[in-house]
Structure formats: C-alpha cells, structure tokens
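Everything below concerns the one structure shown next.
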Amino acid sequence: MRLSMPLISHLWAMKKLELLIGKLIGSKFWVHLLFCLLFVFLFSIPVALSGNQGIARSALFSCLFILLCTYAGRWCGKLWLSGGVHAAFLRGLFLSSSLLSLTGAAGAAYLFKGSIPKYFVQYFGVSFPLVVLFIFLGLSFALVRNSLLKQVNEAKLLQEQKESELRLLLSQLSPHFLFNTLNNIYGISLTQQQRVPQLLLKLSELLRYSVYETRERFIPLKNELLYIKNYIDFEKIQTGDKLLVESDIEKIDDAHLLIAPMLLIVFVENAFKHSKITRENRIFISISLHVKDSWIEFRIKNSYDSARYQAHQPIEQSGVGMHHTVKRLDLIACAG
C-alpha cells in the first residue's frame with residue numbers, strides 16, 4: 001500500500017499536534033495559563049458587550065487582581081498543607097493580604113479616580129475585604145483539591161489491594177483443584193488404567209480454561225457453564241455408572257452476561273466430593289441454574305450421609321475452596 005506525500009505530512013502533523021496536546025495537559029504551568037486566559041476572556045465579554053471601551057483597562061486590572069488574590073490563597077493553602085497552621089502559614093497569609101490590599105487600593109484609586117493620595121483610604125476599605133474573600137477562596141480550592149486527591153489515591157490503593165488479593169486467591173484456587181484431580185487420577189490408574197487417557201484429555205480442557213479464561217476479572221457466564229459441563233463429564237469418567245447427575249442448567253447465549261471466573265465450580269466440586277460420603281451404591285448430584293433479572297439462581301444438591309462423615313472425618317480440614325470463594329465474593333462486592 002502506498003501513501004502520498006500530502007497524506008504522510010498530514011499524519012505527521014496530526015501526530016505532532018497530539019503530542020503537543022498531551023504535553024499541555026500534563027504540564028501544570030500550561031493548565032494554569034490556559035485557565036487564566038479563559039478567565040480573562042470570560043471577564044472581558046461583559047465589557048465588550050457594554051460598548052464602553054474606556055473601562056477596558058480598569059476591567060483588565062480587576063480581573064488580574066482577582067486571579068492574583070486567588071493564587072495567593074492557593075499558595076497559602078500549600079503552606080497550610082505542608083505543616084498545618086504554623087508561623088510560615090500565618091506569616092504568608094498576613095503578608096499576602098496586606099500587600100494585595102495596599103496594591104488593590106492604590107490601583108483602584110489611580111484607575112478610577114486618577115489620584116492615589118486622595119482616594120487611597122476610600123478604596124482600601126473596599127480592597128481589603130475583597131482580598132480576604134478571594135484569598136480564602138483560593139485557600140479553600142487548595143484544601144478541597146488536596147482532600148479529593150487523597151480520597152482518589154486512597155481509593156486507587158484500596159482497589160489495587162483488593163484486586164491483588166483477588167488474583168492471589170484465584171491463583172491459590174486453581175492449584176487446589178489440580179491437587180484434588182491428580183489424586184483422583186492416581187487412584188484410578190492403580191485399578192482402571194484404561195480410563196486414564198480420557199481423564200487426562202478432559203483434564204487438559206479444564207486446565208486450558210483455568211489458565212487462560214481466569215486472567216480476566218469477569219468472563220461470559222456461558223464460558224463458565226461450559227467449564228462446569230466439562231467438569232461433570234470428567235467426574236462421570238472417573239465415577240462411571242455409579243454417578244447419577246440431574247442437570248437443569250438454562251442455556252445462555254448472551255455473551256454480555258458476566259460472572260467471576262472459577263466461582264461456581266467450587267460448589268460443584270464440593271458437591272461431588274461430599275456426595276461420595278454415603279452408604280448407598282449410587283452417588284447423586286442435582287444442579288440447577290437459571291438467570292432472572294440479571295440475577296443468577298444456582299442450586300446444587302448431593303447425596304450425603306452425616307453419620308458416615310462423622311465416622312471418617314479427618315482431624316484437619318482445609319476447606320480451601322469454599323473459604324476462598326466466600327472471600328472472593330466479599331472482595332468482588334467491595335471492589336464494585
């Protein structure tokens with residue numbers, strides 16, 4: 001594909017403009033300069049509309065004076081934030097208020113009346129409260145901005161911490177599943193070697209999902225359901241005819257219906273594990289999943305014999321999967 005020279009020049013100019021805009025946005029100096037120019041422009045509109053060009057100089061002085069008072073207040077706010085209400089802050093506040101009040105009174109007396117000595121005291125009574133007002137306005141801006149930045153930074157840190165914990169829990173969950181599965185395959189390989197190849201093939205499909213799909217914070221629900229189906233098929237190969245599964249899982253085609261990965265499988269795995277604690281010859285699992293008004297209604301039941309469980313209960317129980325799932329749900333809810 002060939003590009004003409006004018007097109008190349010146009011693309012180069014657009015790239016330079018994009019870089020320039022990026023620099024302007026990233027530079028505090030240019031942001032403040034643009035703000036001041038916009039403020040002066042907006043301030044000058046009423047003067048231009050009035051048609052009285054004689055007050056243009058006085059209006060410009062007033063505009064710049066307001067900006068100067070506001071930025072002086074912002075500077076005092078930085079002094080406050082650097083060490084609280086201390087000598088440097090009080091000194092800066094007093095000096096800026098005094099100098100700006102004197103400057104404002106002198107400038108107003110000269111511009112509006114043409115005589116500083118005669119009208120200085122009169123305009124000082126107007127200048128001082130205006131200076132105090134805009135200094136405290138700038139001071140308030142600095143304090144509010146600092147408070148908002150702190151809240152944003154704290155929220156970002158909290159979000160990063162929760163996402164880090166979530167990734168850690170998810171990484172711990174997959175090895176837990178793999179550990180249980182390999183133990184089962186090992187037991188089958190001792191007595192029924194012919195079933196091992198099918199199990200390994202299904203296991204590879206399950207691991208492919210857990211390695212690649214779980215990188216995202218949320219995935220399509222239909223992908224998670226496909227993973228559950230593969231897991232059930234895997235368990236059927238392991239257990240054989242002894243397993244009876246009743247499945248009432250709604251068919252989901254909407255790719256925008258999302259869920260946290262590896263969330264439901266923990267309950268399915270837990271049901272299969274405890275279903276084997278029974279005196280009956282058959283193992284029973286019932287799974288139901290339906291979506292109602294963006295809510296997932298998930299139910300699972302399994303065969304279980306509490307008396308046999310108590311008799312064969314291990315001294316230490318890890319409960320890793322269920323514990324991590326509850327914690328994941330808490331973190332997802334907090335992270336929003």
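Chain labels A, B, ... are given in the sequence in which chains occur in the structure tokens; within each chain residues are numbered consecutively from 1, and ligands are likewise numbered from 1 in the order shown.
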
Output as a compact mmCIF listing (two decimals) with C-alpha atoms, in the first residue's frame all residues of range 224-329 of chain A that backbone DSSP marks as helix (DSSP H, G or I).
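part.txt was written with the following content:
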```txt
# COMPACT_ATOMS: atom_id res chain seq x y z
CA GLU A 224 -18.17 -20.82 32.93
CA LEU A 225 -21.11 -23.17 32.29
CA LEU A 226 -19.15 -24.94 29.55
CA TYR A 227 -16.34 -25.44 32.04
CA ILE A 228 -18.82 -26.93 34.56
CA LYS A 229 -20.13 -29.28 31.86
CA ASN A 230 -16.59 -30.47 31.13
CA TYR A 231 -16.02 -30.97 34.84
CA ILE A 232 -19.19 -33.07 35.14
CA ASP A 233 -18.08 -35.16 32.15
CA PHE A 234 -14.72 -35.57 33.85
CA GLU A 235 -16.40 -36.81 37.04
CA LYS A 236 -18.58 -39.21 35.05
CA ILE A 237 -15.48 -40.77 33.53
CA GLN A 238 -13.95 -41.10 36.98
CA THR A 239 -17.03 -42.48 38.73
CA GLY A 240 -18.67 -44.46 35.95
CA ASP A 241 -22.21 -45.84 36.27
CA LYS A 242 -22.29 -45.19 39.99
CA ILE A 265 -17.10 -24.68 40.06
CA VAL A 266 -16.10 -24.62 43.73
CA PHE A 267 -19.65 -25.54 44.77
CA VAL A 268 -19.83 -28.23 42.09
CA GLU A 269 -16.51 -29.73 43.14
CA ASN A 270 -17.56 -29.61 46.80
CA ALA A 271 -20.85 -31.38 45.98
CA PHE A 272 -19.06 -34.18 44.13
CA LYS A 273 -16.58 -34.60 46.97
CA HIS A 274 -19.24 -34.91 49.67
CA SER A 275 -21.62 -36.98 47.53
CA SER A 306 -23.72 -37.33 58.01
CA ALA A 307 -23.15 -40.35 60.26
CA ARG A 308 -20.54 -41.77 57.91
CA TYR A 309 -18.96 -38.35 57.54
CA GLN A 310 -18.53 -38.06 61.32
CA ALA A 311 -17.02 -41.53 61.46
CA VAL A 320 -9.62 -24.05 50.99
CA GLY A 321 -12.05 -23.84 48.08
CA MET A 322 -15.14 -22.72 50.00
CA HIS A 323 -13.18 -20.35 52.24
CA HIS A 324 -11.55 -18.64 49.25
CA THR A 325 -14.85 -18.43 47.38
CA VAL A 326 -16.55 -16.60 50.25
CA LYS A 327 -13.59 -14.24 50.49
CA ARG A 328 -13.62 -13.68 46.72
CA LEU A 329 -17.31 -12.76 46.85
```

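From CA of Lys222 in chain A back to CA of Asp253 in chain A, the distance works out to 6.6 Å.
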
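Taking CA of Cys334 in chain A as the reference point, CA of Phe218 in chain A is found at 15.0 Å.
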
Where does DSSP see strand (DSSP E) in range 44-268 of chain A, if you list the residues as a ChimeraX atom specification?
-> /A:219-220,243-249,258-259

Rank nothing, just name the residue among A:Asn184, A:Ala59, A:Ile283, A:Phe89 nearest to Phe112 in chain A, using only C-alpha atoms.
-> A:Ala59

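Reported to one decimal place, the separation of CA of Trp75 in chain A from CA of Ser147 in chain A is 15.9 Å.
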